[in-house]
Amino acid sequence: MTVATPTLEVDDYFVELGARFEGRVLLPGTEGLDPTVERIREVRVALRYGTEGRGDSDSWLGPPQVFDVNVDGSLHGRFTLDVPSEAPISYDGSLFRVRWEIEARTDLKMRLDKKSTVDVVVLPVGGHGLYLQPHPLPGP
Amino acid sequence: MDDGRPTPAAATHTVEAVPTTSKILVLAGIALAIAATVAAIVILATTGVGTAVLIVLIVPGLSLIWLLRPGSARPAERVSGWRNPTLEISPWPVRLGSSVTAVYRRQPVNKRTVEKAAGSIQLDTELICEEWVQYTVGTDTRTETDDVFETSWSEAMSVGEDGVEAIIRFSIPVDRGGPSIHLDHSRLRWRVDQRLGRPFGPLTETRIDLDVVSAIDRDAVLGEGTYDRGERR
């Protein structure tokens, strides 16, 4: 973990299809000289889903929201990411699962990007308040 | 403005079921082969090899002509004796937790079919939610499926000259399966398989793919409706 690794804070981890995730992306910055800070180009936050399990992987990456950092390398940005209404919901099945996450990535000059992710749950429409985990709901 | 939410589930939607053609063709092929072989054996016993071979060719040939002759009925309908059924589904779109009512209607191809039914017939229905995945091993592409929800039931229908009609009811569970998912390598799909009972059986088997939208019927799930965890009402 360096000053370039972004932190994500999500307002609500459970959001319905067609709605949006909101939250903050943070970089601490530094008071002293840190060569890493000079290398930060921008921070991108995006929503993505991918499948896991028996089948080959399917994945999707949404359009990123781009943030410039302050001179000291700090960032307090607010993001809003729309969940496409035609996308699959979070699903935990027998042969595969669909996993959603928000990804924040610091783009560094001539270095590998620093990345952090947060798992989120996309619910069916009308499902807010009913779920504590991806679909399906627990049995009786 | 469209906020991406499905319209309220109140409409009715009619869909034509499709015959499970491969099964019908296999069964029809087996029947033809048996008929041709029996005929050949009989002829072989009474006349000669040449006639027997001729019969083996003629029986399937005539059958094919009968199947493909011009007319309003499609080949699979001729084999089964029934036209493809329709299901009138409501509410539409189908949501998770919804209690669904579907009217099954099916017309006979001709009067003989009605006479064969002798007044009453059974309708077998299966509701299935299936996971499907595709994966590669070396240069092979393989698929795997798993039925994550399955329920079946039967009901009796009376047969009139216009055919049969039955009302079926079922619920979409929220604790098994899920909404329809169509990704390249991972899918979740619902289907309704139906067939008529004796004396018709497997040749009348049909299927509809049921699209379950990613929306939940809150009233049903929270107890104000008729949700019963996917069991038939």
# chains A, B, ... in the order shown; residues from 1 in each chain; ligands from 1
call {"tool": "closest_atom_pairs", "arguments": {"of": "chain B", "to": "chain A", "cutoff": "9 Å", "atoms": "only C-alpha atoms", "output": "CSV"}}
result
residue,atom,partner,partner_atom,distance
B:Asp3,CA,A:Gly18,CA,6.5
B:Gly4,CA,A:Ser85,CA,5.1
B:Arg5,CA,A:Gly18,CA,6.7
B:Pro6,CA,A:Val125,CA,8.1
B:Leu96,CA,A:Pro124,CA,8.6
B:Glu131,CA,A:Leu95,CA,6.7
B:Trp132,CA,A:Leu95,CA,7.6
B:Val133,CA,A:Gly55,CA,4.7
B:Gln134,CA,A:Gly55,CA,4.9
B:Tyr135,CA,A:Gly55,CA,4.7
B:Thr136,CA,A:Asp56,CA,7.0
B:Thr143,CA,A:Gly55,CA,8.0
B:Glu144,CA,A:Gly55,CA,8.2
B:Thr145,CA,A:Leu95,CA,7.8
B:Asp146,CA,A:Leu95,CA,7.2
B:Val148,CA,A:Ser94,CA,7.3
B:Pro173,CA,A:Pro136,CA,8.8
B:Val174,CA,A:Pro136,CA,5.8
B:Asp175,CA,A:Leu137,CA,4.6
B:Arg176,CA,A:Pro136,CA,5.8
B:Gly177,CA,A:Pro136,CA,6.6
B:Gly178,CA,A:Pro136,CA,6.3
B:Pro179,CA,A:Ile89,CA,8.2
B:Ser180,CA,A:Pro88,CA,8.4
B:Ile181,CA,A:Pro88,CA,6.0
B:His182,CA,A:Pro88,CA,8.0
B:Leu183,CA,A:Asp58,CA,6.8
B:Asp184,CA,A:Asp58,CA,6.6
B:His185,CA,A:Asp56,CA,5.7
B:Ser186,CA,A:Gly55,CA,6.2
B:Arg187,CA,A:Phe96,CA,8.7
B:Val213,CA,A:Pro124,CA,8.4
B:Ser214,CA,A:Pro124,CA,4.7
B:Ala215,CA,A:Val125,CA,4.2
B:Ile216,CA,A:Gly126,CA,5.4
B:Asp217,CA,A:Gly126,CA,7.2
B:Arg218,CA,A:Gly126,CA,6.4
B:Leu222,CA,A:Leu130,CA,8.9
B:Arg229,CA,A:Gly139,CA,8.4
call {"tool": "residues_around", "arguments": {"residues": "Ala117 (chain B)", "least_positions_apart": "6", "cutoff": "8 Å", "atoms": "only C-alpha atoms", "output": "PyMOL selection string"}}
result
chain B and resi 159+198-199
call {"tool": "closest_residue", "arguments": {"among": "B:Gly223, B:Gly119, B:Gly163, B:Gly197", "to": "Arg106 (chain B)", "atoms": "only C-alpha atoms"}}
result
B:Gly163
call {"tool": "select_by_dssp", "arguments": {"residues": "region 13-179 of chain B", "states": "alpha helix (DSSP H)", "output": "MDAnalysis selection string"}}
result
chainID B and resid 21:46 49:68 75:80 111:117
call {"tool": "residues_around", "arguments": {"residues": "region 99-110 of chain A", "least_positions_apart": "5", "cutoff": "6 Å", "atoms": "only C-alpha atoms", "output": "count of residues only"}}
result
19
call {"tool": "select_by_dssp", "arguments": {"residues": "chain A", "states": "strand (DSSP E)", "output": "MDAnalysis selection string"}}
result
chainID A and resid 7:10 14:16 20:28 40:53 59:61 65:67 74:82 91:92 96:108 114:123
call {"tool": "residues_around", "arguments": {"residues": "Glu9 (chain A)", "least_positions_apart": "2", "cutoff": "9 Å", "atoms": "only C-alpha atoms", "output": "PyMOL selection string"}}
result
chain A and resi 7+11+22-26+118
call {"tool": "atom_distance", "arguments": {"atom1": "CA of Leu75 (chain A)", "atom2": "CA of Val121 (chain A)"}}
result
25.5 Å
call {"tool": "closest_residue", "arguments": {"among": "B:Val38, B:Ile30, B:Ala11, B:Leu127", "to": "Val53 (chain B)", "atoms": "only C-alpha atoms"}}
result
B:Val38
call {"tool": "atom_distance", "arguments": {"atom1": "CA of Glu126 (chain B)", "atom2": "CA of Val164 (chain B)"}}
result
18.0 Å
call {"tool": "residues_around", "arguments": {"residues": "Asp211 (chain B)", "least_positions_apart": "3", "cutoff": "9 Å", "atoms": "only C-alpha atoms", "output": "mmCIF file with C-alpha atoms, in the first residue's frame"}}
result
data_model
loop_
_atom_site.group_PDB
_atom_site.id
_atom_site.type_symbol
_atom_site.label_atom_id
_atom_site.label_comp_id
_atom_site.auth_asym_id
_atom_site.auth_seq_id
_atom_site.Cartn_x
_atom_site.Cartn_y
_atom_site.Cartn_z
ATOM 1 C CA PRO B 93 -43.519 -10.022 -17.672
ATOM 2 C CA VAL B 94 -42.887 -12.871 -15.267
ATOM 3 C CA ARG B 95 -41.074 -11.682 -12.118
ATOM 4 C CA PRO B 179 -33.929 -14.306 -13.287
ATOM 5 C CA SER B 180 -33.012 -15.241 -16.839
ATOM 6 C CA ARG B 189 -32.863 -20.088 -18.248
ATOM 7 C CA TRP B 190 -36.403 -21.149 -17.507
ATOM 8 C CA ARG B 191 -38.548 -23.441 -19.558
#
call {"tool": "closest_residue", "arguments": {"among": "A:Leu61, A:Val3, A:Val69, A:Leu112", "to": "Pro28 (chain A)", "atoms": "only C-alpha atoms"}}
result
A:Val3
call {"tool": "atom_distance", "arguments": {"atom1": "CA of Glu77 (chain B)", "atom2": "CA of Gln122 (chain B)"}}
result
18.4 Å
call {"tool": "closest_residue", "arguments": {"among": "A:Ala4, A:Phe67, A:Phe21, A:Val15", "to": "Leu81 (chain A)", "atoms": "only C-alpha atoms"}}
result
A:Phe21
